[in-house]
Amino acid sequence: MTIYLFDGTMDGLLTAVFDAFSLKEQPEELLTEGDALPLFCERTYQVTTDEEKARRVWTGLEKKLTREAMKLISVSWLSELKELNTPLFRYVCKVFRQGDISKNFADSDVLAVTNIARKVLHEQLRMKQFIRFQKAKDGTYLAVVSPDHNVLPIIIDHFQDRFNDQPWLIYDTKRHYGFNYDGKTVIRITFKDESAVPFSLDNGKLNEEVLSHDDQLLQNLWRTYFKAICIKERMNPRKQLNDMPRRYWKYMTEKQ
């Protein structure tokens, strides 16, 4: 059994595909460095990430797959799930051997990659629904999130289109980066010292000294309204958890 080891990046995975064809072999698994090796592993091969090799593999994929299939691969990678590595590696290898297999759901690798991509797209939708903004005194709107998957890159266009007349910042505390819109352009940002940011990393709330007075009033009104429309006799906790998973509650005004 041959196992390939890579650095956990997309370029690393694509380089692994290039090397597999160059060496004329098909490894059983693609693992990240530090992963436990299978019991019957006979040989390991360390993949050295090469941007040129990765570019050539990606360009080749673009020639063989539809735009929809390419998007599916990109979206699946945002899952950050280790169980994606081997199926996606084998999927890409099969494309170069068999052509466009993106609709062949009888193939276990295609099915695995597709299902993981669907999980990411589902969370993308949830983020659009459950993100709550707070207004700072300088007019900037802040939203703090910590999604299971790295969905910020695929939701930013939605917020740029919907809130294009106001500055905002959406920050992912799990991955320690965010996107800031100044009314014209969107840029990716990180904080050198998160302990100095003017909001809580635990619940996303802006510090009182920077929170707009009007926004505090609106938050209180929203909580009051949310409680007022709840009819106890019709409450269904199980359905509520299904529609609004608990992991999103800590950043939602109505749940604080």
# chains A, B, ... in the order shown; residues from 1 in each chain; ligands from 1
>>> residues_around(residues="A:Gln124", least_positions_apart="4", cutoff="10 Å", atoms="only C-alpha atoms", output="list of chain:residue names")
A:Arg118, A:Lys119, A:Val120, A:Lys128, A:Gln129, A:Pro147, A:His149, A:Asn150, A:Val151, A:Leu152, A:Pro153, A:Ile154, A:Ile155
>>> residues_around(residues="A:Lys82", least_positions_apart="6", cutoff="9 Å", atoms="only C-alpha atoms", output="PyMOL selection string")
chain A and resi 8+31-32
>>> atom_distance(atom1="atom CA of A:Asp182", atom2="atom CA of A:Gly139")
10.5 Å
>>> closest_residue(among="A:Asn180, A:Thr140, A:Ser146, A:Thr9", to="A:Gln166", atoms="only C-alpha atoms")
A:Thr140
>>> closest_residue(among="A:Val186, A:Leu81, A:Leu121, A:Ile170", to="A:Tyr141", atoms="only C-alpha atoms")
A:Ile170
>>> select_by_dssp(residues="stretch 133-193 of chain A", states="helix (DSSP H, G or I)", output="JSON, numbers by chain")
{"A": [152, 153, 154, 156, 157, 158, 159, 160, 161, 162]}
>>> write_last_selection(atoms="N, CA, C and O atoms", output="mmCIF file, in the first residue's frame")
data_model
loop_
_atom_site.group_PDB
_atom_site.id
_atom_site.type_symbol
_atom_site.label_atom_id
_atom_site.label_comp_id
_atom_site.auth_asym_id
_atom_site.auth_seq_id
_atom_site.Cartn_x
_atom_site.Cartn_y
_atom_site.Cartn_z
ATOM 1 N N LEU A 152 -16.962 32.169 4.288
ATOM 2 C CA LEU A 152 -16.898 33.613 4.028
ATOM 3 C C LEU A 152 -16.611 33.962 2.563
ATOM 4 O O LEU A 152 -17.254 34.849 2.007
ATOM 5 N N PRO A 153 -15.650 33.293 1.912
ATOM 6 C CA PRO A 153 -15.356 33.669 0.525
ATOM 7 C C PRO A 153 -16.544 33.543 -0.422
ATOM 8 O O PRO A 153 -16.572 34.217 -1.456
ATOM 9 N N ILE A 154 -17.527 32.696 -0.106
ATOM 10 C CA ILE A 154 -18.650 32.506 -1.029
ATOM 11 C C ILE A 154 -19.936 33.190 -0.562
ATOM 12 O O ILE A 154 -20.984 32.986 -1.184
ATOM 13 N N ILE A 156 -19.569 36.671 0.588
ATOM 14 C CA ILE A 156 -19.245 38.098 0.577
ATOM 15 C C ILE A 156 -19.939 38.828 -0.570
ATOM 16 O O ILE A 156 -20.412 39.961 -0.401
ATOM 17 N N ASP A 157 -20.016 38.220 -1.746
ATOM 18 C CA ASP A 157 -20.688 38.871 -2.881
ATOM 19 C C ASP A 157 -22.139 39.194 -2.541
ATOM 20 O O ASP A 157 -22.668 40.233 -2.950
ATOM 21 N N HIS A 158 -22.786 38.304 -1.800
ATOM 22 C CA HIS A 158 -24.181 38.517 -1.400
ATOM 23 C C HIS A 158 -24.318 39.781 -0.562
ATOM 24 O O HIS A 158 -25.201 40.617 -0.807
ATOM 25 N N PHE A 159 -23.430 39.941 0.422
ATOM 26 C CA PHE A 159 -23.527 41.099 1.308
ATOM 27 C C PHE A 159 -23.049 42.383 0.634
ATOM 28 O O PHE A 159 -23.572 43.460 0.905
ATOM 29 N N GLN A 160 -22.092 42.256 -0.267
ATOM 30 C CA GLN A 160 -21.649 43.431 -1.013
ATOM 31 C C GLN A 160 -22.772 43.943 -1.908
ATOM 32 O O GLN A 160 -22.964 45.160 -2.057
ATOM 33 N N ASP A 161 -23.547 43.034 -2.468
ATOM 34 C CA ASP A 161 -24.667 43.428 -3.325
ATOM 35 C C ASP A 161 -25.834 43.975 -2.505
ATOM 36 O O ASP A 161 -26.465 44.968 -2.881
ATOM 37 N N ARG A 162 -26.096 43.343 -1.366
ATOM 38 C CA ARG A 162 -27.252 43.725 -0.565
ATOM 39 C C ARG A 162 -27.016 44.982 0.263
ATOM 40 O O ARG A 162 -27.928 45.783 0.467
#
>>> select_by_dssp(residues="stretch 38-129 of chain A", states="strand (DSSP E)", output="PDB file with all heavy atoms, in the first residue's frame")
ATOM      1  N   ARG A  43       4.709   1.935   1.830  1.00  0.00           N
ATOM      2  CA  ARG A  43       5.570   3.002   1.329  1.00  0.00           C
ATOM      3  C   ARG A  43       4.852   4.344   1.432  1.00  0.00           C
ATOM      4  O   ARG A  43       3.650   4.429   1.210  1.00  0.00           O
ATOM      5  CB  ARG A  43       5.932   2.728  -0.130  1.00  0.00           C
ATOM      6  CG  ARG A  43       6.628   3.868  -0.857  1.00  0.00           C
ATOM      7  CD  ARG A  43       6.987   3.490  -2.281  1.00  0.00           C
ATOM      8  NE  ARG A  43       7.464   4.619  -3.058  1.00  0.00           N
ATOM      9  CZ  ARG A  43       6.672   5.376  -3.815  1.00  0.00           C
ATOM     10  NH1 ARG A  43       5.381   5.098  -3.928  1.00  0.00           N
ATOM     11  NH2 ARG A  43       7.188   6.391  -4.499  1.00  0.00           N
ATOM     12  N   THR A  44       5.598   5.371   1.804  1.00  0.00           N
ATOM     13  CA  THR A  44       5.045   6.724   1.808  1.00  0.00           C
ATOM     14  C   THR A  44       5.836   7.587   0.842  1.00  0.00           C
ATOM     15  O   THR A  44       7.048   7.370   0.639  1.00  0.00           O
ATOM     16  CB  THR A  44       5.097   7.360   3.216  1.00  0.00           C
ATOM     17  OG1 THR A  44       6.458   7.472   3.637  1.00  0.00           O
ATOM     18  CG2 THR A  44       4.287   6.550   4.213  1.00  0.00           C
ATOM     19  N   TYR A  45       5.131   8.538   0.262  1.00  0.00           N
ATOM     20  CA  TYR A  45       5.778   9.480  -0.666  1.00  0.00           C
ATOM     21  C   TYR A  45       5.427  10.889  -0.217  1.00  0.00           C
ATOM     22  O   TYR A  45       4.249  11.230  -0.083  1.00  0.00           O
ATOM     23  CB  TYR A  45       5.316   9.237  -2.100  1.00  0.00           C
ATOM     24  CG  TYR A  45       5.764  10.309  -3.076  1.00  0.00           C
ATOM     25  CD1 TYR A  45       7.074  10.322  -3.560  1.00  0.00           C
ATOM     26  CD2 TYR A  45       4.883  11.300  -3.499  1.00  0.00           C
ATOM     27  CE1 TYR A  45       7.488  11.309  -4.448  1.00  0.00           C
ATOM     28  CE2 TYR A  45       5.285  12.284  -4.390  1.00  0.00           C
ATOM     29  CZ  TYR A  45       6.587  12.288  -4.858  1.00  0.00           C
ATOM     30  OH  TYR A  45       7.002  13.269  -5.733  1.00  0.00           O
ATOM     31  N   GLN A  46       6.421  11.703   0.046  1.00  0.00           N
ATOM     32  CA  GLN A  46       6.212  13.077   0.495  1.00  0.00           C
ATOM     33  C   GLN A  46       6.042  13.994  -0.710  1.00  0.00           C
ATOM     34  O   GLN A  46       6.954  14.151  -1.527  1.00  0.00           O
ATOM     35  CB  GLN A  46       7.392  13.552   1.348  1.00  0.00           C
ATOM     36  CG  GLN A  46       7.223  14.970   1.886  1.00  0.00           C
ATOM     37  CD  GLN A  46       6.066  15.083   2.858  1.00  0.00           C
ATOM     38  OE1 GLN A  46       5.987  14.342   3.835  1.00  0.00           O
ATOM     39  NE2 GLN A  46       5.153  16.008   2.583  1.00  0.00           N
TER      40      GLN A  46
END
>>> closest_atom_pairs(of="stretch 101-157 of chain A", to="stretch 192-199 of chain A", cutoff="12 Å", atoms="only C-alpha atoms", output="JSON lines")
{"residue": "A:Gln134", "atom": "CA", "partner": "A:Phe199", "partner_atom": "CA", "distance": 10.3}
{"residue": "A:Lys135", "atom": "CA", "partner": "A:Phe199", "partner_atom": "CA", "distance": 11.7}
{"residue": "A:Ala136", "atom": "CA", "partner": "A:Pro198", "partner_atom": "CA", "distance": 9.7}
{"residue": "A:Lys137", "atom": "CA", "partner": "A:Pro198", "partner_atom": "CA", "distance": 11.6}
{"residue": "A:Tyr141", "atom": "CA", "partner": "A:Phe199", "partner_atom": "CA", "distance": 12.0}
{"residue": "A:Leu142", "atom": "CA", "partner": "A:Phe199", "partner_atom": "CA", "distance": 9.0}
{"residue": "A:Ala143", "atom": "CA", "partner": "A:Phe199", "partner_atom": "CA", "distance": 9.9}
{"residue": "A:Val144", "atom": "CA", "partner": "A:Phe199", "partner_atom": "CA", "distance": 8.8}
>>> residues_around(residues="stretch 50-52 of chain A", least_positions_apart="5", cutoff="12 Å", atoms="only C-alpha atoms", output="list in words")
Phe6, Asp7, Thr9, Met10, Asp11, Gly12, Leu13, Leu14, Thr15, Ala16, Val17, Phe18, Asp19, Val57, Trp58 and Thr59 of chain A
